[in-house]
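The structure under discussion appears below in the form of structure tokens.
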Amino acid sequence: MASIAVLGYGTVGTGIAELINKNKERFKKFTGEDLKISNILVRDLEKHKDKKDYELLTDDINHIFEESVDIVVEVMGGINPAYEYVKKSLKLKKHVVTANKDLIAEHGKELLDLADKNGVTLNFEASVGGGIPILKPLMECLLGNEIISINAILNGTTNFILTKMYQENMSYEEALKLAQNLGFAEANPDSDVLGYDAARKLSILSTIAFNEKVNWKNINAEGITNIDTEDFKYAKTKGYIIKLLGISKKENDKIYASVRPVMVKASSELAKIDNEINAIIIEGDAVGKVVFSGKGAGMLPTASSVFGDITDIIQNKNKKALKFNEKEAVLEKNWNHNSSWFLRIKTADRINVMSSLTGYFKNCYIFANTSSTSEEVAAIIETPSEDFLNLKLEELSSLNYIDEIKKLAILNN
Ligand code: NAP
Ligand code: HSE
């Protein structure tokens, strides 16, 4: 008998209880073990009094640490008190499964070491890509590869918002509200829309892929709050779609890592990833490019990954614990390769701006002026590096006739 205690009974916790109840027999057939939920921790019992599993709920953390509990599933979210509860569980030699990317991105190394020291497992498949099996394939199936790059849509909420804004002309606020109602967004959705959630996921993926500690706080993270309907229109006229991408790439001794809105070709794989779907393209030196795609957020998809982690623990009792390398990666924040960028420059002097752009950059396409954009210049330029581009944009922004500059990367492959 495997006894599971669950921390949290929100979107994911509810999904886990549902999957465990539904799959008991199949689980027994597959693993030979009975699976039972011993108790579920919540903050506010009153809020849940009409729920199906009410008799399992507790607001007393000590019930979770009872001796009979084998696996603690942490789906509360946030750093505190999740960090203390996970640490205590591991010290008590309980296996832990978590969906909490904030916790793994911040304290993954320490917690994995603690799990190893206590001879237990810490699994966190659901922390990246929701329902997509990605960490296990990356750690096990792709072990024979040196990973070259990761190009990914890693946040369901922002991909949902961008899809609704582009395909249904929904406002940003309306789309965010809908994503929250569907259970995709974080308790504080700033984490999603400002790019931090994707940066944490990219740091977990990159730390495993490149075997160096990629600190999420050092990743250049930009969200979608600055994207408007005009950006979509410009993108469309040149055959692009806007996606929030996490990109990391190992080059010599450095790792380039960023999260930002990017224009991708409408015919590309990533352009076709809609709503809360995530997609992760991993390039390995042996396998080439592999695409992992599926629901990146939501109750049952996320619970599916947690359930897989529980099964893995019960089947691999003596598996060697994963460890994160403590060597900090040297991160490159700018994309210093020849590349194309989309620029929107609000100005009272279009002629001068156009002349500067054509002078600075060898390839420069200026969008035709429209009545709604008479006070700005929109262009696609080619630059030898992002450093060079930033330098030129700094020069421009110091001029008194420039009000605002927006830049978006373009991915042409
Ligand atoms: P949620 O709906 O906000 O649920 C959080 C649950 O944890 C609630 O039941 C809450 O209790 C409980 N909780 C929070 N703080 C607590 C505390 N201090 N003491 C006791 N109970 C506490 O969150 P969620 O969407 O399920 O997300 C949970 C975790 O999974 C997060 O780390 C999130 O990033 C991750 N995740 C979520 C998704 C998704 O699609 N939602 C996907 C992948 C990963 P009350 O009900 O009493 O308030
Ligand atoms: N808020 C997250 C997202 C949940 O929208 O992707 C899944 O990690």
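Identifiers in this document derive from the order of the structure tokens: chains are assigned A, B, ..., residues are numbered from 1 separately in each chain, and ligands are numbered from 1 in order of occurrence.
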
- Message: Please extract the residues of segment 126-293 of chain A with a backbone DSSP assignment of alpha helix (DSSP H) and present them as number ranges by chain.
- Response: A: 135-136, 156-168, 172-181, 190-193, 196-210, 229-237

With a distance cut-off of 9 Å and only C-alpha atoms, select the neighbouring residues of Ser127 of chain A, excluding the residue or stretch itself and same-chain residues fewer than 5 positions from it, and output the selection as a short mmCIF file (atom, residue, chain, number, x, y, z; two decimals) with N, CA and C atoms, in the first residue's frame.
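So the final result, stored in out-v2.cif, reads:
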data_model
loop_
_atom_site.label_atom_id
_atom_site.label_comp_id
_atom_site.auth_asym_id
_atom_site.auth_seq_id
_atom_site.Cartn_x
_atom_site.Cartn_y
_atom_site.Cartn_z
N THR A 98 6.39 17.30 -6.76
CA THR A 98 5.89 18.68 -6.76
C THR A 98 5.66 19.17 -8.18
N ALA A 99 4.71 20.12 -8.30
CA ALA A 99 4.45 20.77 -9.59
C ALA A 99 4.95 22.21 -9.54
N ASN A 100 5.72 22.51 -8.48
CA ASN A 100 6.04 23.89 -8.13
C ASN A 100 7.38 24.35 -8.75
N LYS A 101 7.28 25.05 -9.88
CA LYS A 101 8.52 25.50 -10.56
C LYS A 101 9.23 26.60 -9.81
N ASP A 102 8.44 27.43 -9.05
CA ASP A 102 9.09 28.48 -8.25
C ASP A 102 10.06 27.83 -7.27
N ILE A 104 11.40 24.71 -7.37
CA ILE A 104 12.52 23.97 -7.98
C ILE A 104 13.54 24.95 -8.58
N LYS A 201 10.80 27.95 -15.69
CA LYS A 201 10.74 26.65 -16.40
C LYS A 201 11.96 26.49 -17.32
N ILE A 204 14.93 25.48 -15.27
CA ILE A 204 14.92 24.06 -14.86
C ILE A 204 15.35 23.20 -16.06
N THR A 302 -2.07 18.53 -15.74
CA THR A 302 -1.00 18.66 -14.74
C THR A 302 -1.02 17.46 -13.80
N SER A 305 0.82 14.41 -15.08
CA SER A 305 2.27 14.37 -14.86
C SER A 305 2.60 13.98 -13.42
#

Hey, which residues come within 6 Å of ligand 1 if we count only C-alpha atoms and all ligand atoms? Could you give them as a PDB file with C-alpha atoms, in the first residue's frame?
ATOM      1  CA  GLY A   8      -3.121  21.724  -1.679  1.00  0.00           C
ATOM      2  CA  TYR A   9      -6.593  21.092  -3.059  1.00  0.00           C
ATOM      3  CA  GLY A  10      -6.869  23.766  -5.723  1.00  0.00           C
ATOM      4  CA  THR A  11      -6.773  23.244  -9.506  1.00  0.00           C
ATOM      5  CA  VAL A  12      -3.998  20.635  -9.494  1.00  0.00           C
ATOM      6  CA  GLY A  13      -4.767  19.021  -6.113  1.00  0.00           C
ATOM      7  CA  LEU A  41      -3.822  19.948   3.354  1.00  0.00           C
ATOM      8  CA  VAL A  42      -5.760  23.160   2.710  1.00  0.00           C
ATOM      9  CA  ARG A  43      -5.638  26.640   4.183  1.00  0.00           C
ATOM     10  CA  ASP A  44      -9.355  27.152   4.648  1.00  0.00           C
ATOM     11  CA  VAL A  75       0.712  21.405  -5.110  1.00  0.00           C
ATOM     12  CA  MET A  76       0.243  24.478  -2.918  1.00  0.00           C
ATOM     13  CA  GLY A  77       2.447  26.783  -4.949  1.00  0.00           C
ATOM     14  CA  GLY A  78       4.754  29.620  -3.873  1.00  0.00           C
ATOM     15  CA  PRO A  81       5.687  27.442   3.411  1.00  0.00           C
ATOM     16  CA  ALA A  99       4.445  20.769  -9.594  1.00  0.00           C
ATOM     17  CA  ASN A 100       6.044  23.892  -8.130  1.00  0.00           C
ATOM     18  CA  ALA A 126       4.642  18.825 -13.784  1.00  0.00           C
ATOM     19  CA  SER A 127       6.771  21.870 -12.982  1.00  0.00           C
ATOM     20  CA  GLY A 130       2.171  20.832 -17.352  1.00  0.00           C
ATOM     21  CA  GLY A 183      -7.245  27.448 -13.745  1.00  0.00           C
ATOM     22  CA  PHE A 184      -4.235  28.097 -16.014  1.00  0.00           C
ATOM     23  CA  GLU A 186      -0.661  31.376 -11.233  1.00  0.00           C
ATOM     24  CA  ALA A 187      -2.174  32.679  -7.975  1.00  0.00           C
ATOM     25  CA  ALA A 297      -1.629  23.964 -17.837  1.00  0.00           C
ATOM     26  CA  GLY A 298      -4.952  22.877 -16.376  1.00  0.00           C
ATOM     27  CA  MET A 299      -6.303  20.473 -13.777  1.00  0.00           C
ATOM     28  CA  THR A 302      -0.998  18.662 -14.744  1.00  0.00           C
TER      29      THR A 302
END

- Which neighbours of Ala321 of chain A fall inside 10 Å, counting only C-alpha atoms, when residues of the same chain fewer than 4 positions from it are skipped, and could you give them as number ranges by chain? A: 112-117, 119-123

- Item | Residue nearest ligand 2 among A:Thr158, A:Ser385, A:Asn145, A:Ser38 (counting only C-alpha atoms and all ligand atoms) | A:Thr158
